[in-house]
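Colleague: The following file, my_file.cif, comprises mmCIF, C-alpha atoms:
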data_structure
loop_
_atom_site.group_PDB
_atom_site.id
_atom_site.type_symbol
_atom_site.label_atom_id
_atom_site.label_comp_id
_atom_site.auth_asym_id
_atom_site.auth_seq_id
_atom_site.Cartn_x
_atom_site.Cartn_y
_atom_site.Cartn_z
ATOM 1 C CA MET Y 82 0.000 0.000 0.000
ATOM 2 C CA LEU Y 83 1.327 3.394 -0.874
ATOM 3 C CA ALA Y 84 1.874 5.723 2.062
ATOM 4 C CA THR Y 85 -0.313 8.430 0.542
ATOM 5 C CA GLU Y 86 -3.198 5.941 0.149
ATOM 6 C CA ARG Y 87 -2.733 4.740 3.727
ATOM 7 C CA LEU Y 88 -2.745 8.310 5.024
ATOM 8 C CA LEU Y 89 -6.089 8.982 3.331
ATOM 9 C CA ASP Y 90 -7.432 5.682 4.708
ATOM 10 C CA ILE Y 91 -6.347 6.618 8.254
ATOM 11 C CA GLU Y 92 -7.869 10.097 7.999
ATOM 12 C CA LYS Y 93 -11.178 8.603 6.850
ATOM 13 C CA LYS Y 94 -11.326 5.706 9.346
ATOM 14 C CA PHE Y 95 -10.405 7.681 12.445
ATOM 15 C CA ALA Y 96 -11.846 11.135 11.741
ATOM 16 C CA GLY Y 97 -14.101 10.894 14.798
ATOM 17 C CA GLU Y 98 -11.227 10.236 17.195
ATOM 18 C CA VAL Y 99 -8.389 12.220 15.672
ATOM 19 C CA GLU Y 100 -8.120 15.955 16.111
ATOM 20 C CA ARG Y 101 -5.129 16.371 13.785
ATOM 21 C CA VAL Y 102 -2.836 14.228 11.638
ATOM 22 C CA PHE Y 103 0.773 15.348 11.342
ATOM 23 C CA PRO Y 104 2.696 13.498 8.595
ATOM 24 C CA LEU Y 105 6.426 13.118 9.272
ATOM 25 C CA GLU Y 106 7.359 10.889 6.323
ATOM 26 C CA LEU Y 107 5.481 9.505 3.340
ATOM 27 C CA ASP Y 108 7.912 7.560 1.181
ATOM 28 C CA GLY Y 109 6.648 4.887 -1.169
ATOM 29 C CA GLU Y 110 5.205 2.210 1.097
ATOM 30 C CA ALA Y 111 6.603 3.682 4.329
ATOM 31 C CA LEU Y 112 4.881 6.209 6.528
ATOM 32 C CA ARG Y 113 5.510 7.962 9.824
ATOM 33 C CA LEU Y 114 2.980 10.290 11.364
ATOM 34 C CA ILE Y 115 1.524 11.561 14.594
ATOM 35 C CA LEU Y 116 -2.167 11.250 15.330
ATOM 36 C CA TYR Y 117 -3.274 13.861 17.851
ATOM 37 C CA LEU Y 118 -6.292 12.288 19.500
ATOM 38 C CA LYS Y 119 -9.263 14.238 20.820
ATOM 39 C CA ASP Y 120 -8.486 13.144 24.414
ATOM 40 C CA SER Y 121 -5.182 15.139 24.265
ATOM 41 C CA THR Y 122 -3.010 12.029 23.885
ATOM 42 C CA ASN Y 123 -1.096 11.255 20.700
ATOM 43 C CA LEU Y 124 -0.199 8.146 18.768
ATOM 44 C CA ARG Y 125 3.116 7.914 16.929
ATOM 45 C CA VAL Y 126 2.575 5.698 13.884
ATOM 46 C CA THR Y 127 5.227 3.982 11.772
ATOM 47 C CA GLU Y 128 4.278 1.451 9.102
ATOM 48 C CA GLN Y 129 6.194 -0.289 6.324
ATOM 49 C CA TRP Y 130 4.069 -2.006 3.697
ATOM 50 C CA ASN Y 131 4.880 -4.505 0.960
ATOM 51 C CA GLY Y 132 1.890 -4.280 -1.342
ATOM 52 C CA GLU Y 133 -1.136 -5.094 0.818
ATOM 53 C CA VAL Y 134 0.956 -6.724 3.577
ATOM 54 C CA LEU Y 135 1.971 -4.754 6.668
ATOM 55 C CA LYS Y 136 5.598 -5.813 7.211
ATOM 56 C CA CYS Y 137 6.785 -3.638 10.099
ATOM 57 C CA TYR Y 138 4.932 -1.403 12.490
ATOM 58 C CA SER Y 139 5.230 0.583 15.663
ATOM 59 C CA TYR Y 140 2.477 2.502 17.411
ATOM 60 C CA TYR Y 141 3.419 4.502 20.492
ATOM 61 C CA TRP Y 142 0.565 5.983 22.500
ATOM 62 C CA LEU Y 143 1.769 8.917 24.567
ATOM 63 C CA THR Y 144 0.199 11.188 27.170
ATOM 64 C CA SER Y 145 -0.250 14.899 26.503
ATOM 65 C CA ASP Y 146 3.178 15.298 28.191
ATOM 66 C CA ASN Y 147 4.667 12.742 25.743
ATOM 67 C CA GLU Y 148 5.101 10.045 28.383
ATOM 68 C CA LEU Y 149 4.607 6.446 27.283
ATOM 69 C CA LYS Y 150 1.233 4.873 27.923
ATOM 70 C CA ILE Y 151 1.647 1.836 25.644
ATOM 71 C CA GLY Y 152 3.873 1.124 22.662
ATOM 72 C CA TRP Y 153 3.139 -1.700 20.221
ATOM 73 C CA ASP Y 154 5.608 -3.051 17.660
ATOM 74 C CA ASN Y 155 6.767 -6.159 15.859
ATOM 75 C CA ALA Y 156 10.542 -5.758 16.128
ATOM 76 C CA THR Y 157 12.011 -9.256 16.285
ATOM 77 C CA HIS Y 158 13.934 -8.972 19.545
ATOM 78 C CA HIS Y 159 11.631 -10.423 22.240
ATOM 79 C CA THR Y 160 11.527 -14.089 21.269
ATOM 80 C CA HIS Y 161 10.393 -15.244 24.743
ATOM 81 C CA LEU Y 162 6.887 -13.758 24.369
ATOM 82 C CA GLU Y 163 4.157 -16.075 23.089
ATOM 83 C CA THR Y 164 2.992 -13.513 20.524
ATOM 84 C CA PHE Y 165 6.508 -13.018 19.094
ATOM 85 C CA PRO Y 166 7.257 -10.816 17.218
ATOM 86 C CA HIS Y 167 4.174 -8.836 18.303
ATOM 87 C CA HIS Y 168 4.545 -7.201 21.708
ATOM 88 C CA LYS Y 169 3.810 -4.057 23.673
ATOM 89 C CA HIS Y 170 5.652 -1.865 26.153
ATOM 90 C CA VAL Y 171 3.299 -0.774 28.935
ATOM 91 C CA GLU Y 172 4.104 2.509 30.725
ATOM 92 C CA HIS Y 173 7.850 2.038 30.226
ATOM 93 C CA ARG Y 174 10.041 0.288 27.678
ATOM 94 C CA ASN Y 175 11.087 -2.545 30.007
ATOM 95 C CA ASN Y 176 7.533 -3.654 30.854
ATOM 96 C CA LEU Y 177 7.068 -6.050 27.924
ATOM 97 C CA GLN Y 178 3.802 -7.878 27.372
ATOM 98 C CA PRO Y 179 2.329 -10.073 24.639
ATOM 99 C CA SER Y 180 0.145 -8.219 22.164
ATOM 100 C CA SER Y 181 -2.827 -9.217 20.080
ATOM 101 C CA GLU Y 182 -3.053 -5.705 18.583
ATOM 102 C CA THR Y 183 -1.014 -6.043 15.378
ATOM 103 C CA CYS Y 184 -2.212 -3.142 13.225
ATOM 104 C CA LEU Y 185 -3.365 0.436 13.622
ATOM 105 C CA GLU Y 186 -7.004 -0.587 13.495
ATOM 106 C CA GLY Y 187 -6.488 -3.004 16.427
ATOM 107 C CA VAL Y 188 -4.555 -0.406 18.415
ATOM 108 C CA MET Y 189 -7.261 2.212 17.893
ATOM 109 C CA GLU Y 190 -9.920 -0.314 18.938
ATOM 110 C CA PHE Y 191 -7.930 -0.947 22.150
ATOM 111 C CA ILE Y 192 -7.533 2.799 22.808
ATOM 112 C CA ARG Y 193 -11.292 3.286 22.266
ATOM 113 C CA ALA Y 194 -12.088 0.519 24.749
ATOM 114 C CA VAL Y 195 -9.821 1.782 27.541
ATOM 115 C CA SER Y 196 -10.696 5.458 27.000
ATOM 116 C CA ARG Y 197 -14.429 5.033 27.623
#
Once you've parsed the file, please lay out its structure as structure tokens.
Modeller:
Amino acid sequence: MLATERLLDIEKKFAGEVERVFPLELDGEALRLILYLKDSTNLRVTEQWNGEVLKCYSYYWLTSDNELKIGWDNATHHTHLETFPHHKHVEHRNNLQPSSETCLEGVMEFIRAVSR
């Protein structure tokens, strides 16, 4: 998926929850952006696509003071977790947990559920 197509998809899907989208990089099938959510938190989004397949991702949900709430990614360095390579860092980078949220849509669904 091209980054520009994905950006438009994100803007459309999450318009109700996102106050502002700030693109940092749109390069072929790679994108980096910040989603400023309406609850004053922000989500740092990095995705690398290969056609329609999401190859690499990281989603870091930060407080309004840019402190880590939860960060999801699929970097291949935590082989001991049952959801390897998918994992999340909860409140600080060393608090690793398995993750079933493996795409932006899953992460936003999680954020919706815990923000109610």
Colleague: Any idea what the distance is between CA of Asn123 in chain Y and CA of Val99 in chain Y?
Modeller: 8.9 Å
Colleague: Counting all atoms listed in the file, figure out which residue out of Y:Leu124, Y:Arg193, Y:Ile151, Y:Val188 gets nearest to Phe103 in chain Y.
Modeller: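 The shortest atom-to-atom distance to Phe103 in chain Y comes from Y:Leu124.
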Colleague: Could you tell me which of Y:Lys119, Y:His168, Y:Lys136, Y:Arg174 comes closest to Glu148 in chain Y if we count only C-alpha atoms?
Modeller: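 Under the stated criterion, the closest residue is Y:Arg174.
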Colleague: May I ask which of the residues Y:Leu143, Y:Ala84, Y:Leu149, Y:Val126 is the closest one to Gly109 in chain Y, counting only C-alpha atoms?
Modeller: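 Looking only at the distances to Gly109 in chain Y, the closest residue turns out to be Y:Ala84.
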Colleague: Compare Y:Leu185, Y:Ile192, Y:Leu162, Y:Leu114 by their minimum atom-to-atom distance to Cys137 in chain Y, counting all atoms listed in the file, and give me the closest one.
Modeller: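 Of Y:Leu185, Y:Ile192, Y:Leu162, Y:Leu114, the one nearest Cys137 in chain Y, counting all atoms listed in the file, is Y:Leu185.
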